Amino acid sequence: MNAMKIYLVLAFILCVSAIGYAQDQAVYNEYIKTQGILNPGYNGARGSMSGLMVFRSQWTGFKGAPYTVGLNFASPLDNFSRKLKKIGAGIVIQNDHEGLSNKLELYAAGSYRVVDQRKLKLQLGLQMGVINMQIDGNKAVTVDYGDPMFTGNISKFGFNFGFGGFLWSEKNDNNFFAGIAIPKFFATKYDTDKQEIKHTVSMRDVHTYVYGGYLFEVSNNGTLLRPTALFRIVPGAPLEIDVSGSVFLMDKLWVGMSYRTVSEVVLFAEYQITKMLSVHYSFDYSISPIRQYAKFGSHELSVKYDFVGGKGKSKPTSRSKSIRYF
């Protein structure tokens, strides 16, 4: 029975490690919409106060599959004082649930516009915050009932920080954007010997995101084409590339698709309900062997609101009008 315990513990560790290795940081389908969560340098770039809420259910049908809830609220501070016109601020809240573990994160972000030319702008940002990591051993299925290795809750708090940069141009109606971010420097790991959660720095676990896109006007009726690409770089893992293309129709609707090199195909759509409110849905389906278990794919739903216009709200600006496309 002791040998059985050892095998169970090893299996548990391998399972958590495998999930943590591939999903140490939440992956969103529409990274253009979630830039405020991904990149501290983006906060405040939209030119108006904005709020985002996103929910992602991954590998639907897979028992214990991850799900993520993310919130982001950001604003340029020149909405409050012209003396702060180059400074942006944001708040990021994210809850990531995987199997027996739950990770709640809260960050405060700040950005500064180091280049503020009419046709080229660059913001650099920093975020810092706290993390609460929990593992609920009561949900584990064990051979021996009441095994102390899998009873009770483990809960630990930690600290993390990250930084990023966001560059964009608004030349005529052809706009490009690019970003680079390391949103988290510390890796959250579970020490099985001491039965505690540790926050460590390891370059093998640092996630670097490099992304960009271009906005083309393809007709006089307002139809736009937006190709984008994201590179997810982790030294201890293969390079992951996400390439997408989308079309903006009737000044209301984005439709598009993308391919992720971990063998996933993504279909997505976004509807601009008003100039301030938009809703987005995406579906990704794995074409790797995991599809045998996650037969219903992954689903992502987000709502975004820009506080533009109206009494007491941010005034519309040229950059808030244009940057709503990215």
# chains A, B, ... in the order shown; residues from 1 in each chain; ligands from 1
>>> select_by_dssp(residues="region 30-268 of chain A", states="strand (DSSP E or B)", output="PyMOL selection string")
chain A and resi 49-57+67-76+87-98+101-116+121-136+153-171+174-182+187-191+196-200+208-217+224-233+240-249+253-260+264-268
>>> residues_around(residues="region 101-103 of chain A", least_positions_apart="6", cutoff="10 Å", atoms="only C-alpha atoms", output="list in words")
Val16, Gly64, Pro66, Tyr67, Thr68, Gln94, Asn95, Ile131, Asn132, Met133, Gln134, Ile135, Asp136, Gly137, Asn153, Ile154, Ser155, Lys156, Phe157 and Thr188 of chain A
>>> write_last_selection(atoms="N, CA and C atoms", output="PDB file, in the first residue's frame")
ATOM      1  N   VAL A  16      -0.207  17.708 -12.178  1.00  0.00           N
ATOM      2  CA  VAL A  16      -0.141  19.139 -11.888  1.00  0.00           C
ATOM      3  C   VAL A  16       0.975  19.792 -12.675  1.00  0.00           C
ATOM      4  N   GLY A  64     -12.210  18.308 -14.720  1.00  0.00           N
ATOM      5  CA  GLY A  64     -11.184  19.118 -14.077  1.00  0.00           C
ATOM      6  C   GLY A  64     -10.507  20.093 -15.018  1.00  0.00           C
ATOM      7  N   PRO A  66      -9.423  23.429 -17.122  1.00  0.00           N
ATOM      8  CA  PRO A  66      -9.231  24.805 -16.637  1.00  0.00           C
ATOM      9  C   PRO A  66     -10.358  25.735 -17.086  1.00  0.00           C
ATOM     10  N   TYR A  67     -10.623  26.730 -16.242  1.00  0.00           N
ATOM     11  CA  TYR A  67     -11.444  27.857 -16.663  1.00  0.00           C
ATOM     12  C   TYR A  67     -10.867  29.120 -16.030  1.00  0.00           C
ATOM     13  N   THR A  68     -11.052  30.239 -16.704  1.00  0.00           N
ATOM     14  CA  THR A  68     -10.426  31.490 -16.306  1.00  0.00           C
ATOM     15  C   THR A  68     -11.430  32.627 -16.390  1.00  0.00           C
ATOM     16  N   GLN A  94      -7.593  38.379 -12.068  1.00  0.00           N
ATOM     17  CA  GLN A  94      -7.709  37.137 -12.833  1.00  0.00           C
ATOM     18  C   GLN A  94      -7.817  35.949 -11.891  1.00  0.00           C
ATOM     19  N   ASN A  95      -8.776  35.087 -12.182  1.00  0.00           N
ATOM     20  CA  ASN A  95      -8.944  33.854 -11.412  1.00  0.00           C
ATOM     21  C   ASN A  95      -8.802  32.677 -12.372  1.00  0.00           C
ATOM     22  N   ILE A 131      -0.745  37.334  -5.356  1.00  0.00           N
ATOM     23  CA  ILE A 131      -1.335  36.090  -5.848  1.00  0.00           C
ATOM     24  C   ILE A 131      -1.721  35.228  -4.659  1.00  0.00           C
ATOM     25  N   ASN A 132      -2.892  34.658  -4.734  1.00  0.00           N
ATOM     26  CA  ASN A 132      -3.295  33.648  -3.755  1.00  0.00           C
ATOM     27  C   ASN A 132      -3.460  32.322  -4.481  1.00  0.00           C
ATOM     28  N   MET A 133      -2.663  31.328  -4.087  1.00  0.00           N
ATOM     29  CA  MET A 133      -2.685  30.001  -4.710  1.00  0.00           C
ATOM     30  C   MET A 133      -3.274  29.013  -3.719  1.00  0.00           C
ATOM     31  N   GLN A 134      -4.291  28.270  -4.146  1.00  0.00           N
ATOM     32  CA  GLN A 134      -4.937  27.276  -3.289  1.00  0.00           C
ATOM     33  C   GLN A 134      -4.953  25.917  -3.980  1.00  0.00           C
ATOM     34  N   ILE A 135      -4.743  24.875  -3.193  1.00  0.00           N
ATOM     35  CA  ILE A 135      -4.901  23.500  -3.663  1.00  0.00           C
ATOM     36  C   ILE A 135      -5.848  22.788  -2.709  1.00  0.00           C
ATOM     37  N   ASP A 136      -6.939  22.302  -3.233  1.00  0.00           N
ATOM     38  CA  ASP A 136      -7.961  21.637  -2.425  1.00  0.00           C
ATOM     39  C   ASP A 136      -7.759  20.125  -2.485  1.00  0.00           C
ATOM     40  N   GLY A 137      -7.050  19.593  -1.492  1.00  0.00           N
ATOM     41  CA  GLY A 137      -6.779  18.159  -1.453  1.00  0.00           C
ATOM     42  C   GLY A 137      -8.000  17.313  -1.171  1.00  0.00           C
ATOM     43  N   ASN A 153      -6.967  22.079   2.830  1.00  0.00           N
ATOM     44  CA  ASN A 153      -6.631  23.061   1.808  1.00  0.00           C
ATOM     45  C   ASN A 153      -5.254  23.652   2.076  1.00  0.00           C
ATOM     46  N   ILE A 154      -4.517  23.870   1.009  1.00  0.00           N
ATOM     47  CA  ILE A 154      -3.253  24.591   1.093  1.00  0.00           C
ATOM     48  C   ILE A 154      -3.487  25.950   0.453  1.00  0.00           C
ATOM     49  N   SER A 155      -3.186  27.020   1.167  1.00  0.00           N
ATOM     50  CA  SER A 155      -3.400  28.371   0.667  1.00  0.00           C
ATOM     51  C   SER A 155      -2.191  29.227   0.995  1.00  0.00           C
ATOM     52  N   LYS A 156      -1.617  29.841  -0.040  1.00  0.00           N
ATOM     53  CA  LYS A 156      -0.437  30.677   0.154  1.00  0.00           C
ATOM     54  C   LYS A 156      -0.564  31.956  -0.673  1.00  0.00           C
ATOM     55  N   PHE A 157       0.000  33.027  -0.128  1.00  0.00           N
ATOM     56  CA  PHE A 157       0.036  34.295  -0.836  1.00  0.00           C
ATOM     57  C   PHE A 157       1.442  34.550  -1.354  1.00  0.00           C
ATOM     58  N   THR A 188       4.808  29.995  -9.992  1.00  0.00           N
ATOM     59  CA  THR A 188       4.161  29.444  -8.810  1.00  0.00           C
ATOM     60  C   THR A 188       4.246  27.926  -8.862  1.00  0.00           C
TER      61      THR A 188
END
>>> residues_around(residues="region 110-115 of chain A", least_positions_apart="6", cutoff="6 Å", atoms="only C-alpha atoms", output="ChimeraX atom specification")
/A:41,86-89,121-126
>>> atom_distance(atom1="CA of Asp251 (chain A)", atom2="CA of Leu167 (chain A)")
24.5 Å
>>> residues_around(residues="Tyr214 (chain A)", least_positions_apart="6", cutoff="6 Å", atoms="only C-alpha atoms", output="JSON, numbers by chain")
{"A": [175, 176, 226, 227]}
>>> residues_around(residues="Met203 (chain A)", least_positions_apart="4", cutoff="10 Å", atoms="only C-alpha atoms", output="ChimeraX atom specification")
/A:185-187,207,234-236
>>> write_last_selection(atoms="all heavy atoms", output="PDB file, in the first residue's frame")
ATOM      1  N   PHE A 185       6.981  37.488 -13.648  1.00  0.00           N
ATOM      2  CA  PHE A 185       8.359  37.035 -13.553  1.00  0.00           C
ATOM      3  C   PHE A 185       8.510  35.824 -12.640  1.00  0.00           C
ATOM      4  O   PHE A 185       9.421  35.020 -12.810  1.00  0.00           O
ATOM      5  CB  PHE A 185       9.265  38.159 -13.046  1.00  0.00           C
ATOM      6  CG  PHE A 185       9.926  38.916 -14.146  1.00  0.00           C
ATOM      7  CD1 PHE A 185       9.350  40.067 -14.648  1.00  0.00           C
ATOM      8  CD2 PHE A 185      11.108  38.465 -14.707  1.00  0.00           C
ATOM      9  CE1 PHE A 185       9.951  40.767 -15.672  1.00  0.00           C
ATOM     10  CE2 PHE A 185      11.719  39.154 -15.736  1.00  0.00           C
ATOM     11  CZ  PHE A 185      11.141  40.309 -16.214  1.00  0.00           C
ATOM     12  N   PHE A 186       7.631  35.679 -11.671  1.00  0.00           N
ATOM     13  CA  PHE A 186       7.738  34.576 -10.727  1.00  0.00           C
ATOM     14  C   PHE A 186       6.869  33.409 -11.178  1.00  0.00           C
ATOM     15  O   PHE A 186       5.763  33.605 -11.672  1.00  0.00           O
ATOM     16  CB  PHE A 186       7.309  34.992  -9.320  1.00  0.00           C
ATOM     17  CG  PHE A 186       8.203  36.026  -8.700  1.00  0.00           C
ATOM     18  CD1 PHE A 186       7.694  36.944  -7.786  1.00  0.00           C
ATOM     19  CD2 PHE A 186       9.546  36.092  -9.022  1.00  0.00           C
ATOM     20  CE1 PHE A 186       8.511  37.901  -7.219  1.00  0.00           C
ATOM     21  CE2 PHE A 186      10.367  37.042  -8.450  1.00  0.00           C
ATOM     22  CZ  PHE A 186       9.849  37.952  -7.543  1.00  0.00           C
ATOM     23  N   ALA A 187       7.362  32.201 -11.005  1.00  0.00           N
ATOM     24  CA  ALA A 187       6.597  30.988 -11.280  1.00  0.00           C
ATOM     25  C   ALA A 187       6.043  30.450  -9.966  1.00  0.00           C
ATOM     26  O   ALA A 187       6.726  30.466  -8.939  1.00  0.00           O
ATOM     27  CB  ALA A 187       7.471  29.937 -11.952  1.00  0.00           C
ATOM     28  N   HIS A 207       7.416  33.604 -19.318  1.00  0.00           N
ATOM     29  CA  HIS A 207       6.641  33.695 -20.555  1.00  0.00           C
ATOM     30  C   HIS A 207       6.818  35.090 -21.153  1.00  0.00           C
ATOM     31  O   HIS A 207       6.491  36.089 -20.509  1.00  0.00           O
ATOM     32  CB  HIS A 207       5.151  33.465 -20.289  1.00  0.00           C
ATOM     33  CG  HIS A 207       4.808  32.057 -19.935  1.00  0.00           C
ATOM     34  ND1 HIS A 207       5.395  31.376 -18.892  1.00  0.00           N
ATOM     35  CD2 HIS A 207       3.907  31.195 -20.483  1.00  0.00           C
ATOM     36  CE1 HIS A 207       4.880  30.160 -18.812  1.00  0.00           C
ATOM     37  NE2 HIS A 207       3.991  30.023 -19.771  1.00  0.00           N
ATOM     38  N   VAL A 234       8.707  30.628 -24.290  1.00  0.00           N
ATOM     39  CA  VAL A 234       9.082  30.082 -22.987  1.00  0.00           C
ATOM     40  C   VAL A 234      10.343  29.255 -23.205  1.00  0.00           C
ATOM     41  O   VAL A 234      10.302  28.257 -23.936  1.00  0.00           O
ATOM     42  CB  VAL A 234       7.962  29.209 -22.383  1.00  0.00           C
ATOM     43  CG1 VAL A 234       8.331  28.754 -20.976  1.00  0.00           C
ATOM     44  CG2 VAL A 234       6.637  29.953 -22.367  1.00  0.00           C
ATOM     45  N   PRO A 235      11.476  29.638 -22.605  1.00  0.00           N
ATOM     46  CA  PRO A 235      12.736  28.927 -22.883  1.00  0.00           C
ATOM     47  C   PRO A 235      12.668  27.425 -22.686  1.00  0.00           C
ATOM     48  O   PRO A 235      13.346  26.674 -23.385  1.00  0.00           O
ATOM     49  CB  PRO A 235      13.717  29.574 -21.900  1.00  0.00           C
ATOM     50  CG  PRO A 235      13.176  30.956 -21.703  1.00  0.00           C
ATOM     51  CD  PRO A 235      11.686  30.805 -21.732  1.00  0.00           C
ATOM     52  N   GLY A 236      11.847  26.946 -21.756  1.00  0.00           N
ATOM     53  CA  GLY A 236      11.774  25.518 -21.501  1.00  0.00           C
ATOM     54  C   GLY A 236      10.724  24.789 -22.300  1.00  0.00           C
ATOM     55  O   GLY A 236      10.423  23.624 -22.025  1.00  0.00           O
TER      56      GLY A 236
END
>>> closest_residue(among="A:Gly179, A:Gly90, A:Gly51, A:Gly222", to="Leu253 (chain A)", atoms="only C-alpha atoms")
A:Gly222
>>> residues_around(residues="region 263-265 of chain A", least_positions_apart="5", cutoff="7 Å", atoms="only C-alpha atoms", output="ChimeraX atom specification")
/A:258,284-288
>>> write_last_selection(atoms="all heavy atoms", output="CSV table (one decimal), in the first residue's frame")
chain,number,residue,atom,x,y,z
A,258,SER,N,-8.2,31.9,-36.6
A,258,SER,CA,-6.7,31.8,-36.3
A,258,SER,C,-6.3,30.4,-36.1
A,258,SER,O,-7.1,29.5,-35.9
A,258,SER,CB,-6.4,32.6,-35.0
A,258,SER,OG,-6.9,32.1,-33.9
A,284,ASP,N,-12.5,27.5,-29.9
A,284,ASP,CA,-11.3,26.8,-30.5
A,284,ASP,C,-11.4,25.3,-30.3
A,284,ASP,O,-11.9,24.8,-29.3
A,284,ASP,CB,-10.0,27.4,-29.9
A,284,ASP,CG,-9.9,27.2,-28.4
A,284,ASP,OD1,-10.5,28.0,-27.6
A,284,ASP,OD2,-9.1,26.4,-27.9
A,285,TYR,N,-10.9,24.6,-31.3
A,285,TYR,CA,-11.0,23.2,-31.3
A,285,TYR,C,-9.6,22.6,-31.5
A,285,TYR,O,-8.9,23.0,-32.5
A,285,TYR,CB,-12.0,22.7,-32.4
A,285,TYR,CG,-12.2,21.3,-32.4
A,285,TYR,CD1,-13.1,20.7,-31.4
A,285,TYR,CD2,-11.6,20.4,-33.4
A,285,TYR,CE1,-13.3,19.3,-31.4
A,285,TYR,CE2,-11.9,19.1,-33.3
A,285,TYR,CZ,-12.7,18.5,-32.4
A,285,TYR,OH,-13.0,17.2,-32.4
A,286,SER,N,-9.3,21.7,-30.7
A,286,SER,CA,-7.9,21.0,-30.8
A,286,SER,C,-8.0,20.0,-31.9
A,286,SER,O,-8.9,19.2,-32.0
A,286,SER,CB,-7.5,20.4,-29.5
A,286,SER,OG,-6.3,19.7,-29.6
A,287,ILE,N,-6.9,20.0,-32.7
A,287,ILE,CA,-6.8,18.9,-33.7
A,287,ILE,C,-5.6,18.0,-33.3
A,287,ILE,O,-5.1,17.2,-34.1
A,287,ILE,CB,-6.5,19.5,-35.1
A,287,ILE,CG1,-5.3,20.5,-35.1
A,287,ILE,CG2,-7.8,20.2,-35.6
A,287,ILE,CD1,-5.0,21.0,-36.5
A,288,SER,N,-5.3,18.1,-32.0
A,288,SER,CA,-4.3,17.1,-31.5
A,288,SER,C,-5.0,16.0,-30.8
A,288,SER,O,-6.2,16.0,-30.7
A,288,SER,CB,-3.4,17.9,-30.4
A,288,SER,OG,-4.2,18.2,-29.3
>>> atom_distance(atom1="CA of Ala65 (chain A)", atom2="CA of Phe163 (chain A)")
29.0 Å
>>> residues_around(residues="Asn220 (chain A)", least_positions_apart="3", cutoff="12 Å", atoms="only C-alpha atoms", output="compact mmCIF listing (two decimals) with C-alpha atoms, in the first residue's frame")
# COMPACT_ATOMS: atom_id res chain seq x y z
CA ASP A 173 -6.30 54.98 -42.12
CA PHE A 216 -5.98 47.76 -43.81
CA GLU A 217 -8.91 49.64 -45.28
CA THR A 223 -14.56 47.26 -44.58
CA LEU A 224 -11.27 46.61 -42.75
CA LEU A 249 -17.95 44.64 -41.78
CA MET A 250 -20.73 47.25 -41.72
CA ASP A 251 -18.94 49.21 -38.95
>>> closest_residue(among="A:Gly36, A:Gly213, A:Gly47, A:Gly164", to="Asp242 (chain A)", atoms="only C-alpha atoms")
A:Gly213
>>> closest_residue(among="A:Gly44, A:Met276, A:Asn79, A:Val218", to="Ile91 (chain A)", atoms="only C-alpha atoms")
A:Gly44
>>> atom_distance(atom1="CA of Pro183 (chain A)", atom2="CA of Thr228 (chain A)")
19.8 Å
